[in-house]
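Have a look at query.txt below; it lists compact mmCIF, C-alpha atoms.
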# COMPACT_ATOMS: atom_id res chain seq x y z
CA MET A 1 0.00 0.00 0.00
CA ILE A 2 2.69 2.47 1.06
CA GLY A 3 4.69 1.57 -2.01
CA ARG A 4 1.72 2.19 -4.25
CA ILE A 5 1.07 5.58 -2.65
CA ALA A 6 4.71 6.54 -2.98
CA ALA A 7 4.72 5.49 -6.62
CA CYS A 8 1.55 7.48 -7.27
CA VAL A 9 2.95 10.61 -5.61
CA ALA A 10 6.26 10.27 -7.42
CA LEU A 11 4.53 9.79 -10.77
CA THR A 12 2.31 12.80 -10.23
CA LEU A 13 5.28 14.93 -9.19
CA VAL A 14 7.13 14.03 -12.37
CA VAL A 15 4.08 14.93 -14.44
CA ALA A 16 3.23 18.13 -12.59
CA VAL A 17 6.61 19.75 -12.00
CA PRO A 18 8.03 21.93 -13.42
CA LEU A 19 5.07 24.16 -14.13
CA ARG A 20 5.20 26.58 -17.05
CA VAL A 21 4.89 30.12 -15.86
CA GLU A 22 2.67 32.72 -17.49
CA ALA A 23 4.85 33.98 -20.30
CA HIS A 24 4.17 36.10 -23.36
CA HIS A 25 1.61 33.73 -24.80
CA SER A 26 -0.40 30.69 -23.88
CA ALA A 27 1.12 27.23 -24.36
CA VAL A 28 -2.10 25.74 -25.74
CA MET A 29 -0.45 25.09 -29.11
CA PHE A 30 1.61 22.36 -27.44
CA ASP A 31 0.15 18.99 -26.46
CA ASP A 32 1.07 18.59 -22.80
CA GLN A 33 -0.19 15.01 -22.84
CA LYS A 34 2.43 13.92 -25.37
CA GLU A 35 6.19 13.84 -25.41
CA VAL A 36 8.61 13.59 -28.30
CA THR A 37 12.26 12.63 -27.85
CA LEU A 38 14.66 13.11 -30.74
CA ASP A 39 18.37 12.71 -31.43
CA GLY A 40 19.82 15.60 -33.36
CA THR A 41 22.45 18.27 -33.84
CA VAL A 42 22.16 21.89 -32.76
CA LYS A 43 21.64 24.19 -35.74
CA GLU A 44 21.18 27.41 -33.78
CA PHE A 45 20.38 28.54 -30.25
CA GLN A 46 18.17 31.62 -30.53
CA TYR A 47 18.70 33.01 -27.02
CA THR A 48 15.98 35.66 -27.20
CA ASN A 49 13.16 37.36 -25.32
CA PRO A 50 10.38 36.63 -24.68
CA HIS A 51 11.10 33.03 -25.70
CA SER A 52 14.22 31.20 -26.73
CA TRP A 53 14.34 28.58 -29.49
CA LEU A 54 16.82 25.74 -29.79
CA LEU A 55 16.85 24.66 -33.44
CA VAL A 56 17.90 21.03 -33.87
CA ASP A 57 18.55 19.20 -37.13
CA VAL A 58 17.07 15.70 -36.97
CA THR A 59 17.83 13.06 -39.60
CA ASN A 60 14.74 11.11 -40.60
CA LYS A 61 14.60 7.42 -41.46
CA ASP A 62 14.69 8.21 -45.17
CA GLY A 63 17.86 10.25 -44.74
CA SER A 64 16.20 13.64 -45.10
CA VAL A 65 16.78 16.28 -42.42
CA THR A 66 14.05 18.17 -40.56
CA THR A 67 14.86 21.19 -38.44
CA TRP A 68 12.88 21.09 -35.21
CA GLY A 69 12.38 24.11 -32.96
CA PHE A 70 12.25 23.65 -29.19
CA GLU A 71 10.75 26.61 -27.34
CA ALA A 72 11.77 27.72 -23.85
CA GLU A 73 11.46 30.84 -21.73
CA GLY A 74 13.73 33.85 -22.25
CA PRO A 75 17.37 34.32 -21.25
CA SER A 76 16.91 35.24 -17.59
CA THR A 77 14.91 32.08 -16.90
CA LEU A 78 17.38 29.93 -18.83
CA LEU A 79 20.34 31.45 -16.97
CA ARG A 80 18.68 30.81 -13.62
CA ASN A 81 18.18 27.20 -14.68
CA GLY A 82 21.78 26.76 -15.80
CA VAL A 83 21.23 26.80 -19.57
CA ARG A 84 23.78 29.19 -21.10
CA PRO A 85 24.01 30.12 -24.78
CA GLY A 86 27.52 28.68 -24.95
CA ASP A 87 26.38 25.29 -23.66
CA LEU A 88 24.61 24.27 -26.86
CA LYS A 89 26.69 25.56 -29.74
CA PHE A 90 26.28 24.81 -33.46
CA GLY A 91 27.05 21.16 -34.11
CA THR A 92 26.44 19.92 -30.55
CA LYS A 93 24.88 16.46 -30.57
CA LEU A 94 22.08 15.84 -28.11
CA LYS A 95 18.92 13.96 -27.22
CA ILE A 96 16.05 16.38 -26.65
CA THR A 97 12.55 15.94 -25.23
CA GLY A 98 9.49 18.19 -25.43
CA HIS A 99 5.74 18.48 -25.74
CA PRO A 100 5.02 18.52 -29.50
CA MET A 101 2.81 20.99 -31.31
CA LYS A 102 -0.79 19.93 -31.76
CA ASP A 103 -0.85 20.92 -35.45
CA GLY A 104 1.97 18.56 -36.41
CA ARG A 105 4.61 21.17 -37.26
CA PRO A 106 8.15 20.27 -36.13
CA GLY A 107 8.05 22.35 -32.96
CA ALA A 108 7.86 21.45 -29.28
CA LEU A 109 7.89 22.93 -25.81
CA TRP A 110 11.39 22.08 -24.62
CA MET A 111 11.46 20.02 -21.42
CA LYS A 112 14.90 18.44 -21.28
CA ALA A 113 18.04 17.95 -23.34
CA VAL A 114 20.98 15.62 -22.76
CA ARG A 115 24.22 16.64 -24.46
CA ASP A 116 26.39 13.85 -25.88
CA ASP A 117 28.77 14.22 -22.91
CA GLY A 118 25.87 13.33 -20.59
CA LYS A 119 25.20 16.84 -19.22
CA GLU A 120 21.49 17.51 -18.76
CA PHE A 121 19.67 20.79 -19.41
CA TRP A 122 16.23 21.54 -17.97
CA PRO A 123 15.15 24.94 -19.32
CA GLY A 124 12.07 25.07 -17.12
CA GLY A 125 13.95 23.88 -14.05
CA ARG A 126 14.90 20.42 -12.92
CA PRO A 127 11.97 18.43 -11.50
CA ARG A 128 12.20 18.38 -7.74
CA GLY A 129 13.80 15.34 -6.21
CA GLN A 130 16.03 14.64 -9.20
CA ALA A 131 19.78 14.55 -8.73
CA ASP A 132 22.01 17.27 -10.13
CA ASN A 133 23.90 16.88 -13.36
CA PRO A 134 26.43 14.06 -13.39
CA MET B 135 -12.06 1.50 -5.71
CA ARG B 136 -9.00 0.93 -3.65
CA PHE B 137 -6.83 2.31 -6.44
CA VAL B 138 -9.06 5.38 -6.72
CA ARG B 139 -8.68 6.00 -2.98
CA THR B 140 -4.94 5.54 -3.31
CA ALA B 141 -4.80 7.93 -6.25
CA LEU B 142 -6.84 10.54 -4.38
CA PHE B 143 -4.57 10.20 -1.37
CA GLY B 144 -1.60 10.58 -3.68
CA LEU B 145 -3.00 13.74 -5.22
CA LEU B 146 -3.79 15.19 -1.79
CA THR B 147 -0.26 14.44 -0.70
CA LEU B 148 1.03 16.03 -3.88
CA ALA B 149 -0.99 19.17 -3.23
CA THR B 150 0.46 19.39 0.27
CA ILE B 151 4.00 18.82 -0.93
CA THR B 152 3.61 21.28 -3.79
CA ALA B 153 2.18 23.91 -1.45
CA ALA B 154 5.07 23.38 0.93
CA PHE B 155 7.60 23.75 -1.91
CA ALA B 156 5.78 26.79 -3.22
CA GLN B 157 5.76 28.51 0.15
CA GLY B 158 9.32 27.67 1.10
CA ASN B 159 10.15 29.81 4.08
CA ARG B 160 7.95 32.63 2.92
CA PRO B 161 5.44 33.98 5.40
CA THR B 162 1.87 32.81 4.86
CA GLN B 163 -1.13 34.95 5.59
CA THR B 164 -3.66 33.60 8.09
CA ALA B 165 -7.39 33.71 7.47
CA ASP B 166 -7.83 36.18 10.35
CA ASP B 167 -5.15 38.51 9.00
CA PHE B 168 -6.66 38.31 5.52
CA ARG B 169 -10.11 39.27 6.85
CA ARG B 170 -8.62 42.10 8.91
CA MET B 171 -6.78 43.51 5.90
CA LEU B 172 -9.81 43.15 3.65
CA ALA B 173 -11.91 45.04 6.22
CA MET B 174 -9.41 47.93 6.21
CA GLY B 175 -10.51 48.68 2.65
CA THR B 176 -14.18 47.83 2.75
CA LYS B 177 -14.72 50.62 5.30
CA TYR B 178 -14.27 53.13 2.51
CA ARG B 179 -16.44 53.98 -0.45
CA THR B 180 -13.52 54.87 -2.69
CA ALA B 181 -9.80 54.18 -2.90
CA SER B 182 -9.17 57.93 -2.71
CA GLU B 183 -10.92 58.10 0.67
CA PHE B 184 -8.96 55.10 1.94
CA TYR B 185 -5.66 56.62 0.74
CA ALA B 186 -6.52 59.97 2.31
CA ALA B 187 -7.25 58.28 5.65
CA LEU B 188 -3.93 56.38 5.56
CA LYS B 189 -2.12 59.60 4.75
CA ALA B 190 -3.84 61.55 7.52
CA ALA B 191 -2.86 58.85 10.02
CA ALA B 192 0.82 58.81 8.94
CA PRO B 193 3.41 60.85 10.90
CA GLY B 194 3.39 64.43 9.64
CA GLY B 195 0.34 63.69 7.52
CA GLY B 196 2.51 61.80 5.00
CA ARG B 197 3.93 65.09 3.76
CA GLN B 198 7.57 64.57 4.73
CA MET B 199 9.96 62.97 2.27
CA PRO B 200 12.34 60.71 4.19
CA ALA B 201 16.11 60.96 3.75
CA PHE B 202 17.58 58.39 1.36
CA ALA B 203 19.30 56.60 4.28
CA GLN B 204 15.92 56.01 5.93
CA LEU B 205 14.49 54.17 2.93
CA PRO B 206 14.41 50.36 2.83
CA ASP B 207 17.05 48.47 0.88
CA TRP B 208 15.17 46.87 -2.00
CA SER B 209 18.22 46.57 -4.22
CA GLY B 210 18.87 43.46 -6.27
CA LEU B 211 16.54 41.37 -8.39
CA TRP B 212 13.14 40.10 -7.28
CA MET B 213 10.46 37.76 -8.50
CA ALA B 214 6.77 37.41 -7.67
CA SER B 215 5.86 34.44 -5.54
CA GLY B 216 4.07 32.66 -8.34
CA GLY B 217 0.55 32.38 -9.70
CA GLY B 218 -2.46 34.12 -8.27
CA ASN B 219 -5.15 36.28 -9.77
CA PHE B 220 -7.67 38.85 -8.61
CA PHE B 221 -10.72 36.63 -8.33
CA SER B 222 -9.71 33.55 -6.33
CA PRO B 223 -10.79 33.26 -2.69
CA GLY B 224 -8.32 34.44 -0.07
CA PRO B 225 -7.02 32.47 2.94
CA GLY B 226 -9.96 30.96 4.85
CA GLY B 227 -12.06 30.83 1.69
CA THR B 228 -13.29 34.44 1.69
CA ALA B 229 -14.40 35.12 -1.87
CA PRO B 230 -14.61 38.47 -3.66
CA LYS B 231 -18.07 39.94 -4.10
CA LEU B 232 -18.33 40.08 -7.87
CA THR B 233 -20.67 41.95 -10.15
CA ALA B 234 -22.86 39.83 -12.41
CA ALA B 235 -20.76 40.90 -15.40
CA ALA B 236 -17.51 39.85 -13.76
CA GLN B 237 -18.97 36.51 -12.70
CA SER B 238 -20.26 35.90 -16.21
CA ALA B 239 -16.84 36.72 -17.69
CA LEU B 240 -15.17 34.37 -15.22
CA ASN B 241 -17.60 31.59 -16.13
CA GLN B 242 -16.92 32.16 -19.83
CA GLY B 243 -13.19 32.10 -19.15
CA ALA B 244 -13.47 28.84 -17.23
CA ASP B 245 -15.44 27.35 -20.11
CA ASN B 246 -12.76 28.44 -22.57
CA GLN B 247 -10.09 26.99 -20.33
CA THR B 248 -11.88 23.65 -20.28
CA LYS B 249 -11.94 23.66 -24.07
CA GLY B 250 -8.26 24.53 -24.30
CA ILE B 251 -8.96 28.00 -25.69
CA GLU B 252 -6.51 30.65 -24.50
CA TYR B 253 -5.36 33.92 -25.95
CA ASP B 254 -3.56 36.73 -24.16
CA GLU B 255 -5.09 40.05 -25.16
CA ASN B 256 -2.33 41.87 -23.29
CA LEU B 257 0.84 39.96 -24.02
CA SER B 258 0.48 37.86 -27.17
CA GLN B 259 1.27 40.82 -29.42
CA CYS B 260 3.79 42.07 -26.88
CA GLY B 261 1.55 44.70 -25.35
CA PRO B 262 2.15 45.57 -21.71
CA PRO B 263 0.59 43.44 -18.96
CA GLY B 264 -0.68 46.67 -17.42
CA TYR B 265 -1.63 47.23 -13.82
CA PRO B 266 -2.80 45.50 -11.64
CA ARG B 267 -1.78 42.42 -13.67
CA TRP B 268 1.79 43.68 -13.25
CA LEU B 269 1.55 42.49 -9.64
CA VAL B 270 1.30 38.82 -10.65
CA ILE B 271 3.45 38.44 -13.75
CA PRO B 272 6.58 36.27 -13.51
CA PHE B 273 10.24 36.99 -14.30
CA LEU B 274 12.72 39.48 -12.87
CA ARG B 275 11.93 42.79 -11.20
CA GLU B 276 13.92 45.72 -9.84
CA PHE B 277 12.66 48.17 -7.23
CA ILE B 278 14.50 51.49 -7.40
CA VAL B 279 13.81 53.55 -4.32
CA ARG B 280 14.51 57.26 -3.95
CA PRO B 281 12.92 59.79 -1.59
CA GLU B 282 11.07 61.66 -4.33
CA GLU B 283 10.16 58.73 -6.58
CA THR B 284 10.17 54.93 -6.63
CA TRP B 285 10.36 52.83 -9.78
CA LEU B 286 8.72 49.41 -9.62
CA THR B 287 10.02 47.66 -12.72
CA SER B 288 9.76 44.29 -14.40
CA GLU B 289 11.66 42.79 -17.31
CA THR B 290 8.41 41.70 -19.02
CA VAL B 291 8.02 44.19 -21.87
CA ASN B 292 10.35 46.54 -19.95
CA ASN B 293 7.64 47.74 -17.55
CA VAL B 294 8.20 50.70 -15.25
CA ARG B 295 5.68 51.91 -12.70
CA ARG B 296 6.64 55.36 -11.47
CA ILE B 297 5.45 56.17 -7.97
CA TYR B 298 5.76 59.87 -7.17
CA THR B 299 6.43 60.50 -3.49
CA ASP B 300 7.48 64.15 -3.73
CA GLY B 301 4.13 65.45 -2.53
CA ARG B 302 2.50 65.95 -5.93
CA ASP B 303 -1.14 65.06 -6.46
CA HIS B 304 -2.72 63.28 -9.42
CA PRO B 305 -3.16 65.46 -12.53
CA PRO B 306 -6.24 67.69 -12.63
CA VAL B 307 -9.34 65.87 -13.89
CA ASP B 308 -9.23 67.64 -17.26
CA GLU B 309 -5.70 66.31 -17.86
CA ARG B 310 -6.47 62.67 -17.12
CA TYR B 311 -6.63 59.92 -19.75
CA PRO B 312 -6.45 56.10 -19.54
CA LEU B 313 -3.02 54.60 -18.99
CA TYR B 314 -1.71 51.02 -18.98
CA TYR B 315 -0.15 51.51 -15.53
CA GLY B 316 -2.28 54.40 -14.37
CA ASP B 317 -1.00 57.39 -12.45
CA SER B 318 0.55 56.55 -9.08
CA ILE B 319 1.29 58.87 -6.18
CA GLY B 320 2.47 57.82 -2.76
CA PHE B 321 4.07 58.65 0.56
CA TRP B 322 6.32 56.96 3.07
CA ASP B 323 4.72 55.97 6.38
CA GLY B 324 7.98 55.12 8.12
CA PRO B 325 9.27 52.01 6.29
CA LYS B 326 6.00 51.52 4.38
CA LEU B 327 5.39 52.85 0.89
CA VAL B 328 1.71 53.72 0.46
CA ILE B 329 0.47 54.14 -3.13
CA HIS B 330 -2.71 55.37 -4.76
CA THR B 331 -3.27 54.57 -8.44
CA ASN B 332 -5.97 55.83 -10.80
CA GLN B 333 -6.29 56.69 -14.52
CA LEU B 334 -6.25 53.01 -15.47
CA MET B 335 -7.23 51.66 -18.87
CA GLU B 336 -10.17 49.37 -19.62
CA ARG B 337 -8.59 46.09 -20.70
CA SER B 338 -8.33 42.38 -20.01
CA MET B 339 -6.84 41.38 -16.67
CA GLY B 340 -5.27 38.24 -18.15
CA ARG B 341 -6.02 35.12 -20.13
CA ASN B 342 -9.68 34.20 -19.77
CA GLN B 343 -10.07 36.83 -17.05
CA PRO B 344 -12.64 39.67 -16.81
CA THR B 345 -12.02 43.20 -18.08
CA GLN B 346 -11.11 45.95 -15.65
CA SER B 347 -12.72 49.35 -16.09
CA GLU B 348 -11.44 52.91 -16.23
CA LYS B 349 -13.05 53.41 -12.82
CA MET B 350 -10.57 51.06 -11.18
CA GLU B 351 -8.45 52.60 -8.43
CA THR B 352 -6.14 50.87 -6.00
CA VAL B 353 -4.32 51.42 -2.73
CA GLU B 354 -1.08 49.53 -2.05
CA ILE B 355 1.14 49.26 1.02
CA TRP B 356 4.63 47.92 0.29
CA GLN B 357 7.03 46.92 3.04
CA THR B 358 9.94 44.67 3.90
CA VAL B 359 9.03 41.39 5.63
CA ASN B 360 12.53 39.97 5.94
CA PRO B 361 15.83 40.45 4.05
CA THR B 362 14.60 38.33 1.12
CA THR B 363 10.90 39.19 1.07
CA VAL B 364 8.93 42.32 0.27
CA LYS B 365 5.17 42.24 0.48
CA ALA B 366 2.49 44.35 -1.15
CA ASP B 367 -0.98 44.59 0.37
CA VAL B 368 -3.33 45.73 -2.38
CA TRP B 369 -6.94 46.92 -2.26
CA ILE B 370 -8.77 47.08 -5.57
CA PHE B 371 -11.82 49.28 -6.08
CA ASP B 372 -13.62 48.72 -9.39
CA PRO B 373 -17.43 48.88 -9.52
CA ALA B 374 -17.38 47.03 -12.84
CA LEU B 375 -15.82 44.00 -11.14
CA TYR B 376 -16.54 44.10 -7.42
CA THR B 377 -19.56 45.17 -5.40
CA GLU B 378 -17.14 45.68 -2.48
CA PRO B 379 -13.44 46.45 -2.62
CA TRP B 380 -11.25 43.35 -2.88
CA TYR B 381 -7.88 42.72 -1.29
CA VAL B 382 -4.86 40.64 -2.31
CA GLN B 383 -1.41 40.20 -0.82
CA ARG B 384 1.59 39.66 -3.06
CA LEU B 385 5.05 38.55 -1.98
CA TYR B 386 8.27 39.22 -3.88
CA ALA B 387 11.41 37.20 -3.25
CA ARG B 388 14.95 38.54 -3.64
CA GLN B 389 16.80 36.32 -6.12
CA PRO B 390 20.15 34.74 -5.31
CA ASN B 391 22.72 36.42 -7.56
CA ASP B 392 26.05 36.14 -5.78
CA ASP B 393 28.03 35.95 -9.01
CA LYS B 394 26.06 38.91 -10.48
CA SER B 395 25.30 36.92 -13.62
CA LEU B 396 21.60 37.75 -13.59
CA ARG B 397 20.72 41.04 -15.26
CA ILE B 398 17.58 42.49 -16.75
CA ARG B 399 17.86 42.79 -20.54
CA TYR B 400 15.73 44.62 -23.08
CA TRP B 401 12.60 42.65 -24.02
CA SER B 402 11.20 42.86 -27.55
CA CYS B 403 8.91 40.38 -29.25
CA ASN B 404 10.28 41.61 -32.60
CA GLU B 405 13.66 40.14 -31.79
CA ASN B 406 12.75 36.66 -33.04
CA PRO B 407 10.05 36.02 -35.70
CA ASN B 408 9.59 32.50 -34.32
CA ASN B 409 7.81 34.10 -31.36
CA ASP B 410 5.06 35.65 -33.51
CA VAL B 411 1.65 34.23 -32.63
CA ILE B 412 -1.84 34.64 -34.06
CA LYS B 413 -5.34 34.50 -32.62
CA THR B 414 -6.99 31.46 -34.18
CA PRO B 415 -10.59 31.52 -35.49
CA ASP B 416 -11.79 29.78 -32.31
CA GLY B 417 -10.14 32.47 -30.16
CA SER B 418 -7.08 30.51 -29.12
CA THR B 419 -3.34 30.90 -29.80
CA ASN B 420 -0.99 29.41 -32.35
CA TYR B 421 2.36 30.26 -33.86
CA LYS B 422 2.69 31.94 -37.24
CA ASP B 423 5.15 30.57 -39.76
CA PHE B 424 8.48 29.39 -38.38
CA THR B 425 11.87 30.24 -39.82
CA PHE B 426 13.53 27.02 -38.69
CA ASP B 427 14.75 26.28 -42.23
CA ASP B 428 16.53 29.61 -42.66
CA LYS B 429 20.32 29.72 -42.71
CA PRO B 430 21.48 30.15 -39.12
CA LYS B 431 23.13 33.38 -38.07
CA GLU B 432 26.91 33.35 -37.97
CA PRO B 433 27.99 32.96 -34.35
CA ALA B 434 29.68 35.99 -32.81
CA LYS B 435 33.49 35.86 -32.90
Encoded form (structure tokens):
Amino acid sequence: MIGRIAACVALTLVVAVPLRVEAHHSAVMFDDQKEVTLDGTVKEFQYTNPHSWLLVDVTNKDGSVTTWGFEAEGPSTLLRNGVRPGDLKFGTKLKITGHPMKDGRPGALWMKAVRDDGKEFWPGGRPRGQADNP
Amino acid sequence: MRFVRTALFGLLTLATITAAFAQGNRPTQTADDFRRMLAMGTKYRTASEFYAALKAAAPGGGRQMPAFAQLPDWSGLWMASGGGNFFSPGPGGTAPKLTAAAQSALNQGADNQTKGIEYDENLSQCGPPGYPRWLVIPFLREFIVRPEETWLTSETVNNVRRIYTDGRDHPPVDERYPLYYGDSIGFWDGPKLVIHTNQLMERSMGRNQPTQSEKMETVEIWQTVNPTTVKADVWIFDPALYTEPWYVQRLYARQPNDDKSLRIRYWSCNENPNNDVIKTPDGSTNYKDFTFDDKPKEPAK
């Protein structure tokens, strides 16, 4: 019983935290019930207000390349969460996770990225209870 | 059934844990204190009368500008304590007394929310949040305090609220016109900054929230709670929204910045075309065309 409760609380915490703050626009264009995780290479880190975009080139199964955009808050929020513009330079390989757009365009609300050296980046803040970067 | 009970218990526990995280070591307002503060405002018919009474009760009738050394130290960067709006019940469950129009707008907003329809009439096209929404927006703030004037600023759309404490009054009636942040005058009651704001603009108070009127006026009392917390007690008078004045308390937390890396930068939605959004036919929000396929900018040398 206790184990089940603990599992339930832990699961809900992972789902609920971090919470997106009220930024320049609503996040209704993203599907918060879905996640997409992709391997790719950084094309450009647009470190801008009011939102930043990490553009990532992803090679599809047929060999073509699609540029995905992962949206995060602006620079001051990223800095407070340890995501600096120099951390994700052109050509950096990573695995990135986000909530995809509902309309099917290659965009997502950026949740987490893991650089090829194992360093993790949580633009909206690391979920509580998770260990720091290795 | 057992699983449902377990899940409910889990959610309750989550709510408790989340509330504890959210509060941290910040002071929480008791139901009794909330009712006492609310009653301070409801005694008065208008915000002007309330402000005048506070000023009359202050030492020297609120007419003396303090020396700079007597002012509180609100240097550094601050952030609002998260969430909140102007229509939720206060501690103890005391609810605002809303007009029928405000209640109807809230119901409509809740219905939109359920359907996943959201658009920000203030911010989506990079307009200012305006006041009093300014009190609840996220991101960094700076409070610049001088004897004759205080600037309450926020990085969101480069907001500045100017609070004149040099003894001036509001402009004459014939010179008044609606403003995003209104016209704010104030005085120092010892360590407390007391503010009266009028000349506000009729506009949305936030996503799926009612519209404030040009008759809105507010009284605020700002003061230091502890070295990392400043609080604002705010009374809102708006006959288009409330049948009695409403009261909210906002807390602002000083941000750790030992290495001085955090700074407020200029905020423009025109900086990146990927941030352009449109209002969809159903009244919600979506992005315009992306420029993901464009050639990336050359990195700075």
(request) Measuring atom to atom with all atoms listed in the file, identify which of A:Glu120, A:Asp87, A:Glu73, A:Asp62 is nearest to chain B. (result) A:Glu73
(request) May I have the protein, DNA and RNA residues with any atom at most 10 Å from the point (17.6, 12.1, -31.9), counting only C-alpha atoms, written as a PyMOL selection string? (result) chain A and resi 36-41+56-60+93-97
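Interatomic distance, atom CA of Leu54 of chain A to atom CA of Asp116 of chain A: 15.8 Å.
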(request) For each of A:Arg105, A:Arg126, A:His99, A:Lys112, take the minimum atom-to-atom distance to chain B, counting all atoms listed in the file, then give the residue where this is smallest. (result)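 Between A:Arg105, A:Arg126, A:His99, A:Lys112, the residue approaching chain B most closely is A:Arg105.
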(message) One decimal, in Å: what's the spacing between atom CA of Asp117 of chain A and atom CA of Pro50 of chain A?
(response)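 Distance between the two atoms: 29.0 Å.
What separates atom CA of Met174 of chain B from atom CA of Thr233 of chain B is a distance of 20.7 Å.
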